[in-house]
Amino acid sequence: MESRRTKVLIVDSTTEKHFPQPDIEREILAGHDVRLVHISNINEIPTEILPEIEFMIIWACIPSIQFNQAFLSNLSRCRAIVKAAVGYDNVDIDAARQLGIAVYNIPDYGTEEVADHTLALLLGVARKLNDINLHVRQGGWDWASVKKLYRLRDKTLGIIGFGRIGGAVAKRAAAFGLNIRFYDPYVASGIDKTHGVTRCESLEELLASADIVSVNASLNRTSHHLLSGPQFQQMKEGVLLVNTARGGIVDSQALLAALNSGKVAAAGLDVLENEPDIPAGFRDLDNVILTAHSAFYTEESFLEMRTKSAELLLGIMAGASVRNCVNGNSILQPS
């Protein structure tokens with residue numbers, strides 16, 4: 001008699017559609033029933049299959065798809081969810097904990113890619129690459145069309161969020177002679193000495209001193225709209241802003257106003273609130289470089305994410321000691 005196969009549901013969005021078939025996941029999770037669905041709305045997942053799901057891998061990252069308490073309550077047999085990302089802001093981890101569902105993330109993939117992308121955007125806005133590229137493509141050849149530019153060396157880079165990616169950004173930025181400061185109330189004392197950077201005890205201190213602000217924090221209740229109107233007023237005139245973290249950390253309307261007023265001279269944005277439905281104003285501004293939440297991507301990081309998320313789930317199924325549970329649920333942890 002054939003034993004019952006464990007049911008695994010992989011959820012992706014039709015907007016992102018990271019992959020069409022779960023071939024890698026099925027290979028790693030051989031012997032289990034692995035199903036992939038692409039959705040634009042959480043209600044598109046067939047309700048009749050939810051009570052049967054024992055494990056989930058979530059790839060969908062767009063803010064319009066929320067794995068909230070109402071959805072999670074349908075997962076009566078679910079033991080664990082793996083969020084195939086560093087961020088897990090669209091999963092209600094508190095509700096999951098109350099329902100006995102452990103939630104895990106993959107914090108150690110794509111660190112190099114996001115840090116590289118952060119520096120690419122930083123250099124792009126600092127050197128006005130959008131402007132000079134458009135100028136040349138339209139038939140011009142005048143170096144002065146990008147006046148005024150300023151040397152990066154000895155400028156101050158303020159990093160908001162100093163985890164793996166923030167630290168990797170600092171390491172890369174140091175090569176350009178930038179003075180590096182960070183604000184992160186959650187990292188341990190002494191991390192500034194490890195990286196040879198300066199720690200700011202408050203966000204206000206960082207914003208008042210930075211010529212360039214890089215957002216590398218996670219999105220949660222305390223960081224939503226961490227940068228809004230009052231915070232932009234605390235920044236230097238003509239500051240540069242880069243965001244490769246989560247769009248919801250920055251108030252889009254406040255940023256648009258700051259860009260239009262010149263308070264923020266230019267911005268490099270890989271993420272925005274309510275993406276892909278972003279305000280038209282951002283697309284119309286010449287002093288903004290936009291990339292489509294692509295900072296995480298290389299062929300290597302993509303394969304790493306697919307492999308690590310499936311292997312993590314395999315370890316959970318086997319009762320192995322695994323890391324990166326983000327909601328403190330110990331039901332799957334070995335005694």
# chains A, B, ... in the order shown; residues from 1 in each chain; ligands from 1
>>> residues_around(residues="Phe302 of chain A", least_positions_apart="5", cutoff="9 Å", atoms="only C-alpha atoms", output="list in words")
His18, Tyr109, Gly110, Phe296, Tyr297 and Thr307 of chain A
>>> residues_around(residues="Ile106 of chain A", least_positions_apart="2", cutoff="9 Å", atoms="only C-alpha atoms", output="PyMOL selection string")
chain A and resi 82-87+104+108-109+305+308-309+312+324
>>> write_last_selection(atoms="C-alpha atoms", output="tab-separated table (two decimals), in the first residue's frame")
chain	number	residue	atom	x	y	z
A	82	VAL	CA	9.31	28.99	4.30
A	83	LYS	CA	9.37	32.53	2.90
A	84	ALA	CA	11.75	32.42	-0.05
A	85	ALA	CA	13.21	35.83	0.71
A	86	VAL	CA	15.00	37.82	3.37
A	87	GLY	CA	11.87	39.86	4.08
A	104	TYR	CA	11.22	30.66	8.31
A	108	ASP	CA	21.72	34.42	3.68
A	109	TYR	CA	20.98	34.37	-0.04
A	305	MET	CA	17.21	30.69	-3.20
A	308	LYS	CA	18.00	26.67	0.06
A	309	SER	CA	14.26	27.09	0.53
A	312	LEU	CA	15.31	24.00	4.53
A	324	ASN	CA	16.02	31.12	10.71
>>> atom_distance(atom1="atom CA of Ile316 of chain A", atom2="atom CA of Asp92 of chain A")
20.1 Å
>>> closest_atom_pairs(of="segment 138-221 of chain A", to="segment 127-134 of chain A", cutoff="7 Å", atoms="only C-alpha atoms", output="tab-separated table")
residue	atom	partner	partner_atom	distance
A:Gln138	CA	A:Leu134	CA	6.1
A:Ser145	CA	A:Ile132	CA	6.9
A:Val146	CA	A:Ile132	CA	6.3
A:Leu149	CA	A:Arg127	CA	6.6
>>> write_last_selection(atoms="N, CA, C and O atoms", output="PDB file, in the first residue's frame")
ATOM      1  N   GLN A 138      20.211  61.272 -27.283  1.00  0.00           N
ATOM      2  CA  GLN A 138      19.449  62.276 -28.019  1.00  0.00           C
ATOM      3  C   GLN A 138      20.331  63.113 -28.945  1.00  0.00           C
ATOM      4  O   GLN A 138      19.852  64.086 -29.529  1.00  0.00           O
ATOM      5  N   SER A 145      26.739  68.771 -19.410  1.00  0.00           N
ATOM      6  CA  SER A 145      25.290  68.616 -19.264  1.00  0.00           C
ATOM      7  C   SER A 145      24.914  68.017 -17.914  1.00  0.00           C
ATOM      8  O   SER A 145      23.751  68.087 -17.508  1.00  0.00           O
ATOM      9  N   VAL A 146      25.876  67.426 -17.213  1.00  0.00           N
ATOM     10  CA  VAL A 146      25.570  66.829 -15.909  1.00  0.00           C
ATOM     11  C   VAL A 146      26.014  67.710 -14.739  1.00  0.00           C
ATOM     12  O   VAL A 146      25.979  67.279 -13.587  1.00  0.00           O
ATOM     13  N   LEU A 149      28.383  67.866 -10.398  1.00  0.00           N
ATOM     14  CA  LEU A 149      28.689  66.611  -9.747  1.00  0.00           C
ATOM     15  C   LEU A 149      29.712  66.862  -8.640  1.00  0.00           C
ATOM     16  O   LEU A 149      30.502  67.808  -8.719  1.00  0.00           O
TER      17      LEU A 149
END
>>> closest_residue(among="A:Leu122, A:Ile49, A:Ile212, A:Ala102", to="Thr156 of chain A", atoms="only C-alpha atoms")
A:Ile212
>>> closest_residue(among="A:Cys61, A:Cys78, A:Ile24, A:Ala210", to="Arg306 of chain A", atoms="only C-alpha atoms")
A:Ile24
>>> atom_distance(atom1="atom CA of Ser64 of chain A", atom2="atom CA of Leu240 of chain A")
28.5 Å
>>> residues_around(residues="Gly163 of chain A", least_positions_apart="5", cutoff="8 Å", atoms="only C-alpha atoms", output="PyMOL selection string")
chain A and resi 187+216-217
>>> atom_distance(atom1="atom CA of Lys148 of chain A", atom2="atom CA of Gly229 of chain A")
26.1 Å
>>> closest_residue(among="A:Phe55, A:Pro46, A:His293, A:Asp251", to="Val8 of chain A", atoms="only C-alpha atoms")
A:Phe55
>>> residues_around(residues="Gly247 of chain A", least_positions_apart="4", cutoff="7 Å", atoms="only C-alpha atoms", output="list in words")
Val271, Leu272 and Glu273 of chain A
>>> residues_around(residues="Ser209 of chain A", least_positions_apart="3", cutoff="8 Å", atoms="only C-alpha atoms", output="ChimeraX atom specification")
/A:156,158,205-206,235-236
>>> residues_around(residues="Leu36 of chain A", least_positions_apart="4", cutoff="9 Å", atoms="only C-alpha atoms", output="ChimeraX atom specification")
/A:8-12,20-22
